[in-house]
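Structure record follows, encoded as structure tokens.
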Amino acid sequence: MERVLITSAIPYINGIKHLGNLVGSQLPADLFARYNRGRGREVLFLCATDEHGTPAELAAAKAGMDVAEYCAKMHAVQAEIAQGFRLSFDHFGRSSSLQNHELTQHFAGRLAEAGLISEVSERQVYSNADGRFLPDRYIEGTCPNCGYDKARGDQCENCTKQLDPTDLIDPRSAISGSTDLEVRETKHLYLRQSSMRDQLNAWIDSKTDWPILTTSIAKKWLNDGDGLQDRGITRDLDWGIPVKKGKDEWPGMEGKVFYVWFDAPIEYIACAAEWVDAGKGDDWERWWRTDKGAQDVRYVQFMGKDNVPFHTLSFPATILGSGEPWKLVDYIKSFNYLNYDGGQFSTSQGRGVFMDQALSILPSDYWRWWLLSHAPETSDSEFTWENFQAGVNKDLADVLGNFVSRITKFCRSKFGEVIPEAGDYSAQEAQVMADLQARLAAYQAHMEAIEIRKAAAELRAIWVLGNEYLQSAAPWTVFKEDPDRAAAITRFSLNLIPFYALLSAPFIPDAAQAMLDAMGCKDYAWPEDVAEGLSRLPAGQGFTVPEVLFAKISDGQREEWQARFAGVRS
Ligand SMILES: [Zn+2]
């Protein structure tokens, strides 16, 4: 059986993500996972929370919680919201897991043995009051450029000028407010990515089928300026994975942790180990080790464009540099940004719709359909409430929902809630089947290529075919003269419902399940052959008229939501 390993970029732990984050990795990854499962392939779909680093520490402090406790709580919150959107992860792990500690330390040890780690002494700001080194963003002061008094050591939020901590006037610790700061010498480990530039270049060059968005970003980082730079992989923090060389201590690195960018992608692998340890699987190495069965796995990653450098360069450098037979990614699907109503989503200003808010006003299928059919693939795209309303009302309510409602109600009124037996199919049904077979082939081709907008457009066209057929066959008119022919049209149309459900399930899983349940269809196999797919409801089988599948969004609702999520401009 074909096997597909799918990972979504792992969301950072601090807070609930907005719809732009959702459509930039987790949601399209879920679409692809559901599609591949539908096609009968063996799928392992993994995601996790990214839990280390300074923002987690700051968020925990703000919440008055211990950082480990904070991360456990926020992981549960994110897992519940993911479930609300029907994200079908086989496991939703945590980068702070024991499995990730061991693997990250293992990789660092292997890289050191391969001569790919260097030790570098740096001068960094130390806070005596806090008893710790302060990363740039932990240092606040007055901006020398604009006078803003809460500028950070890396950048002034007010005038956007890039800063060094030493540029700040009256610098102080962002943690305690203490001004008792000094510059101290500290030692860090660097991954010598620059020495792997040729190897990485050759590997990227071999990926001729990757999206231009992915390869162009990778090439820019490899070749612009002085080329690929070495990167620090350690930090002077308490919260993180302790620096070790495999299982051994690393002399001179006591009290330091790995930098979050180094351990986060390794969680893709550790997450598979978590999946096994959670009792959900029995062998994770057959997905990840090419010497243990993973040589025939297809590995696809999903991410926003900001994550491309880490996934095309740094993580492959870690894997290749280890000299061990780990599975490398086969295809990277990257996304541009989704903007919000003429601007950007903003967490700090509460601007835009966040995942929990979205679920509080509408079922997940409405969001899934609109977001996926407007996925920011070739350029940034924009969420507007008008466009969202139009997409939901036209595609879901008027096309798919209306078709299901109209034919089931018609059948109930003329033949009862049972698939009618009389009459034969004519050239009209044969033509619809031929058209559907061609459209099905196109739909599958777009899904295989992960061309999400094109796949959504094709699926919609498949729904439209059914509506057009029903409109032109008009069983309500035919019934008066030829009830047997009307019965055949009705039987054919009713059979389109489970067919549509199976094709649509990757986009709108809840509605698809409701359609299958209403029709009493238990055959969930992918309908490769249209004629076979349209014969799954035998004459005489009972069904129930389903509840309204999709309610229309009214102008009043649209206006209310538009105002509610406009945010507070600062
Ligand atoms: Zn400034």
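Scheme for the structure tokens: letters A, B, ... for chains in order shown; per-chain residue numbers from 1; ligand numbers from 1 in order shown.
Those protein and nucleic acid residues that have any atom within 8 Å of ligand 1 are, using only C-alpha atoms and all ligand atoms, Thr142, Cys143, Pro144, Asn145, Cys146, Gly147, Tyr148, Ala151, Gln155, Cys156, Glu157, Asn158, Cys159, Thr160 and Lys161 of chain A.
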Would you save the residues of that selection, restricted to N, CA and C atoms, as a short mmCIF file (atom, residue, chain, number, x, y, z; two decimals), in the first residue's frame?
data_model
loop_
_atom_site.label_atom_id
_atom_site.label_comp_id
_atom_site.auth_asym_id
_atom_site.auth_seq_id
_atom_site.Cartn_x
_atom_site.Cartn_y
_atom_site.Cartn_z
N THR A 142 14.56 53.32 25.62
CA THR A 142 14.04 54.39 24.77
C THR A 142 14.71 54.33 23.40
N CYS A 143 13.89 54.44 22.36
CA CYS A 143 14.40 54.37 20.99
C CYS A 143 15.22 55.63 20.68
N PRO A 144 16.46 55.45 20.19
CA PRO A 144 17.29 56.62 19.85
C PRO A 144 16.77 57.35 18.62
N ASN A 145 15.91 56.69 17.90
CA ASN A 145 15.41 57.26 16.64
C ASN A 145 14.16 58.10 16.85
N CYS A 146 13.18 57.57 17.60
CA CYS A 146 11.90 58.26 17.72
C CYS A 146 11.53 58.61 19.15
N GLY A 147 12.31 58.14 20.13
CA GLY A 147 12.02 58.49 21.51
C GLY A 147 10.97 57.63 22.19
N TYR A 148 10.44 56.61 21.46
CA TYR A 148 9.45 55.70 22.05
C TYR A 148 10.09 55.00 23.24
N ALA A 151 10.82 50.63 23.34
CA ALA A 151 11.48 49.97 22.22
C ALA A 151 12.17 48.70 22.73
N GLN A 155 14.23 45.69 17.95
CA GLN A 155 13.51 46.56 17.03
C GLN A 155 12.62 47.52 17.81
N CYS A 156 12.43 48.73 17.27
CA CYS A 156 11.47 49.66 17.85
C CYS A 156 10.11 49.41 17.20
N GLU A 157 9.13 49.06 18.00
CA GLU A 157 7.81 48.72 17.48
C GLU A 157 7.13 49.97 16.92
N ASN A 158 7.53 51.13 17.44
CA ASN A 158 6.88 52.39 17.03
C ASN A 158 7.34 52.87 15.66
N CYS A 159 8.67 52.90 15.45
CA CYS A 159 9.17 53.43 14.17
C CYS A 159 9.77 52.33 13.30
N THR A 160 9.72 51.08 13.78
CA THR A 160 10.19 49.87 13.09
C THR A 160 11.70 49.82 12.83
N LYS A 161 12.48 50.75 13.42
CA LYS A 161 13.93 50.72 13.19
C LYS A 161 14.54 49.48 13.86
#
Contacts of range 317-323 of chain A within 8 Å, only C-alpha atoms, excl. fewer than 6 positions in-chain, as a VMD selection string: chain A and resid 107 110 to 111 114 116 193 196 200
Give the alpha helix (DSSP H) residues of range 140-219 of chain A, as assigned by DSSP on the backbone, as a PyMOL selection string. chain A and resi 197-205+212-219
Could those residues be written to a file, using N, CA and C atoms, as a PDB file, in the first residue's frame?
ATOM      1  N   ARG A 197      26.589  24.093   2.113  1.00  0.00           N
ATOM      2  CA  ARG A 197      25.873  24.849   1.081  1.00  0.00           C
ATOM      3  C   ARG A 197      25.781  24.103  -0.250  1.00  0.00           C
ATOM      4  N   ASP A 198      26.889  23.506  -0.698  1.00  0.00           N
ATOM      5  CA  ASP A 198      26.869  22.819  -1.999  1.00  0.00           C
ATOM      6  C   ASP A 198      25.913  21.626  -1.976  1.00  0.00           C
ATOM      7  N   GLN A 199      25.973  20.891  -0.872  1.00  0.00           N
ATOM      8  CA  GLN A 199      25.111  19.718  -0.715  1.00  0.00           C
ATOM      9  C   GLN A 199      23.629  20.142  -0.744  1.00  0.00           C
ATOM     10  N   LEU A 200      23.321  21.234  -0.018  1.00  0.00           N
ATOM     11  CA  LEU A 200      21.938  21.716   0.030  1.00  0.00           C
ATOM     12  C   LEU A 200      21.506  22.266  -1.333  1.00  0.00           C
ATOM     13  N   ASN A 201      22.397  22.968  -1.988  1.00  0.00           N
ATOM     14  CA  ASN A 201      22.099  23.503  -3.319  1.00  0.00           C
ATOM     15  C   ASN A 201      21.749  22.385  -4.296  1.00  0.00           C
ATOM     16  N   ALA A 202      22.559  21.325  -4.262  1.00  0.00           N
ATOM     17  CA  ALA A 202      22.330  20.194  -5.172  1.00  0.00           C
ATOM     18  C   ALA A 202      20.985  19.526  -4.853  1.00  0.00           C
ATOM     19  N   TRP A 203      20.692  19.430  -3.565  1.00  0.00           N
ATOM     20  CA  TRP A 203      19.434  18.794  -3.155  1.00  0.00           C
ATOM     21  C   TRP A 203      18.236  19.639  -3.619  1.00  0.00           C
ATOM     22  N   ILE A 204      18.314  20.959  -3.413  1.00  0.00           N
ATOM     23  CA  ILE A 204      17.210  21.841  -3.857  1.00  0.00           C
ATOM     24  C   ILE A 204      17.082  21.767  -5.390  1.00  0.00           C
ATOM     25  N   ASP A 205      18.226  21.753  -6.082  1.00  0.00           N
ATOM     26  CA  ASP A 205      18.190  21.681  -7.554  1.00  0.00           C
ATOM     27  C   ASP A 205      17.504  20.405  -8.044  1.00  0.00           C
ATOM     28  N   ILE A 212       7.511  27.210  -7.121  1.00  0.00           N
ATOM     29  CA  ILE A 212       8.513  28.272  -7.255  1.00  0.00           C
ATOM     30  C   ILE A 212       8.657  29.022  -5.936  1.00  0.00           C
ATOM     31  N   LEU A 213       7.521  29.228  -5.245  1.00  0.00           N
ATOM     32  CA  LEU A 213       7.565  29.955  -3.967  1.00  0.00           C
ATOM     33  C   LEU A 213       8.556  29.291  -3.015  1.00  0.00           C
ATOM     34  N   THR A 214       8.555  27.971  -2.991  1.00  0.00           N
ATOM     35  CA  THR A 214       9.429  27.233  -2.080  1.00  0.00           C
ATOM     36  C   THR A 214      10.891  27.340  -2.513  1.00  0.00           C
ATOM     37  N   THR A 215      11.176  27.007  -3.770  1.00  0.00           N
ATOM     38  CA  THR A 215      12.575  26.963  -4.197  1.00  0.00           C
ATOM     39  C   THR A 215      13.197  28.360  -4.282  1.00  0.00           C
ATOM     40  N   SER A 216      12.389  29.366  -4.632  1.00  0.00           N
ATOM     41  CA  SER A 216      12.982  30.703  -4.750  1.00  0.00           C
ATOM     42  C   SER A 216      13.417  31.227  -3.385  1.00  0.00           C
ATOM     43  N   ILE A 217      12.650  30.934  -2.351  1.00  0.00           N
ATOM     44  CA  ILE A 217      13.043  31.367  -1.006  1.00  0.00           C
ATOM     45  C   ILE A 217      14.317  30.634  -0.573  1.00  0.00           C
ATOM     46  N   ALA A 218      14.353  29.326  -0.826  1.00  0.00           N
ATOM     47  CA  ALA A 218      15.535  28.542  -0.448  1.00  0.00           C
ATOM     48  C   ALA A 218      16.784  29.057  -1.164  1.00  0.00           C
ATOM     49  N   LYS A 219      16.645  29.326  -2.460  1.00  0.00           N
ATOM     50  CA  LYS A 219      17.791  29.783  -3.256  1.00  0.00           C
ATOM     51  C   LYS A 219      18.289  31.150  -2.794  1.00  0.00           C
TER      52      LYS A 219
END
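Residues in contact with range 36-38 of chain A at 9 Å, where only C-alpha atoms are counted and same-chain residues fewer than 3 positions away are skipped, are listed as Arg3, Val4, Leu31, Phe32, Ala33, Arg41, Glu42, Val43, Glu448, Leu502, Leu503, Ala505, Pro506, Tyr524, Ala525 and Trp526 of chain A.
When only C-alpha atoms are used to compute distances to Ala445 in chain A, the closest of the residues A:Phe388, A:Glu458, A:Glu254, A:Phe345 turns out to be A:Glu458.
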Proximity check range 222-304 of chain A to range 332-336 of chain A, 12 Å, nearest pairs one decimal Å, only C-alpha atoms, as a Markdown table:
| residue | atom | partner | partner_atom | distance |
| --- | --- | --- | --- | --- |
| A:Arg298 | CA | A:Ile332 | CA | 11.2 |
| A:Tyr299 | CA | A:Ile332 | CA | 8.7 |
| A:Val300 | CA | A:Ile332 | CA | 5.8 |
| A:Gln301 | CA | A:Ile332 | CA | 4.9 |
| A:Phe302 | CA | A:Lys333 | CA | 4.9 |
| A:Met303 | CA | A:Ser334 | CA | 4.9 |
| A:Gly304 | CA | A:Phe335 | CA | 4.6 |
Emit the selected residues as a PDB file, in the first residue's frame, including C-alpha atoms.
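Written out: out-v5.pdb:
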ATOM      1  CA  ARG A 298       6.235  10.004   0.305  1.00  0.00           C
ATOM      2  CA  TYR A 299       6.836  12.838   2.779  1.00  0.00           C
ATOM      3  CA  VAL A 300       4.961  16.116   2.229  1.00  0.00           C
ATOM      4  CA  GLN A 301       5.298  19.216   4.413  1.00  0.00           C
ATOM      5  CA  PHE A 302       2.878  22.155   4.617  1.00  0.00           C
ATOM      6  CA  MET A 303       3.866  25.620   5.834  1.00  0.00           C
ATOM      7  CA  GLY A 304       3.608  29.380   5.437  1.00  0.00           C
TER       8      GLY A 304
END
Find the residues near Lys414 in chain A: any atom within 10 Å, counting only C-alpha atoms, skip ones fewer than 2 places away on the same chain, and give them as a ChimeraX atom specification. /A:409-412,416-417,420,476,479,483,486-487,490
Find the residues around Arg351 in chain A up to 10 Å (only C-alpha atoms counted), leave out those fewer than 2 positions away in its own chain, and share them as an MDAnalysis selection string. chainID A and resid 18 340:341 343:349 353:354 564:569
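The residue that comes closest to Glu249 in chain A, out of A:Cys521, A:Ala108, A:Val404, A:Cys71 and on the basis of only C-alpha atoms, is A:Ala108.
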Using DSSP secondary structure from the backbone, list all strand (DSSP E) positions within range 239-373 of chain A, as a PyMOL selection string. chain A and resi 244-245+248-249+257-258+297-304+331-335+338-340
Which value, in Å to one decimal, gives the distance between CA of Gln471 in chain A and CA of Gly542 in chain A?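 Taking CA of Gln471 in chain A as the start and CA of Gly542 in chain A as the end point, the length is 24.0 Å.
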May I have the residues within 9 Å of Asp130 in chain A as a VMD selection string, using only C-alpha atoms and disregarding those fewer than 5 positions away in the same chain? chain A and resid 173 175 to 176 178
Fewer than 2 positions away in the same chain doesn't count, so skip those; otherwise give me all residues within 12 Å of Thr166 in chain A, counting only C-alpha atoms, as JSON, numbers by chain. {"A": [123, 124, 125, 136, 139, 140, 141, 142, 143, 144, 151, 152, 153, 154, 155, 162, 163, 164, 168, 169, 170, 171, 172, 181, 182, 183]}
Residues from last step as file, C-alpha atoms, as a PDB file, in the first residue's frame:
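Below is the file out-v9.pdb, written as the result:
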ATOM      1  CA  ARG A 123      29.095  39.218  24.213  1.00  0.00           C
ATOM      2  CA  GLN A 124      25.562  39.382  25.513  1.00  0.00           C
ATOM      3  CA  VAL A 125      23.581  41.456  27.989  1.00  0.00           C
ATOM      4  CA  ASP A 136      17.547  41.079  22.581  1.00  0.00           C
ATOM      5  CA  ILE A 139      15.664  44.280  26.782  1.00  0.00           C
ATOM      6  CA  GLU A 140      13.598  47.476  26.680  1.00  0.00           C
ATOM      7  CA  GLY A 141      14.560  51.108  26.540  1.00  0.00           C
ATOM      8  CA  THR A 142      14.039  54.388  24.766  1.00  0.00           C
ATOM      9  CA  CYS A 143      14.403  54.373  20.992  1.00  0.00           C
ATOM     10  CA  PRO A 144      17.290  56.617  19.854  1.00  0.00           C
ATOM     11  CA  ALA A 151      11.477  49.965  22.220  1.00  0.00           C
ATOM     12  CA  ARG A 152      12.857  46.419  22.271  1.00  0.00           C
ATOM     13  CA  GLY A 153      16.485  45.414  21.948  1.00  0.00           C
ATOM     14  CA  ASP A 154      15.917  44.016  18.465  1.00  0.00           C
ATOM     15  CA  GLN A 155      13.507  46.564  17.028  1.00  0.00           C
ATOM     16  CA  GLN A 162      16.138  47.649  13.658  1.00  0.00           C
ATOM     17  CA  LEU A 163      18.168  48.054  16.839  1.00  0.00           C
ATOM     18  CA  ASP A 164      20.952  46.502  18.839  1.00  0.00           C
ATOM     19  CA  LEU A 168      18.823  51.764  23.551  1.00  0.00           C
ATOM     20  CA  ILE A 169      18.775  54.774  25.891  1.00  0.00           C
ATOM     21  CA  ASP A 170      18.222  53.760  29.554  1.00  0.00           C
ATOM     22  CA  PRO A 171      18.092  50.009  28.821  1.00  0.00           C
ATOM     23  CA  ARG A 172      16.265  47.807  31.314  1.00  0.00           C
ATOM     24  CA  LEU A 181      22.622  45.217  33.276  1.00  0.00           C
ATOM     25  CA  GLU A 182      26.088  44.371  32.037  1.00  0.00           C
ATOM     26  CA  VAL A 183      27.662  42.856  28.954  1.00  0.00           C
TER      27      VAL A 183
END
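Considering the residues A:Gly64, A:Gly177, A:Pro242, A:Pro165 and counting only C-alpha atoms, His106 in chain A has its shortest atom-to-atom contact with A:Pro242.
Here the question is which of A:Ala514, A:Leu5, A:Leu19, A:Met433 gets nearest to Trp367 in chain A using only C-alpha atoms, and that residue is A:Leu19.
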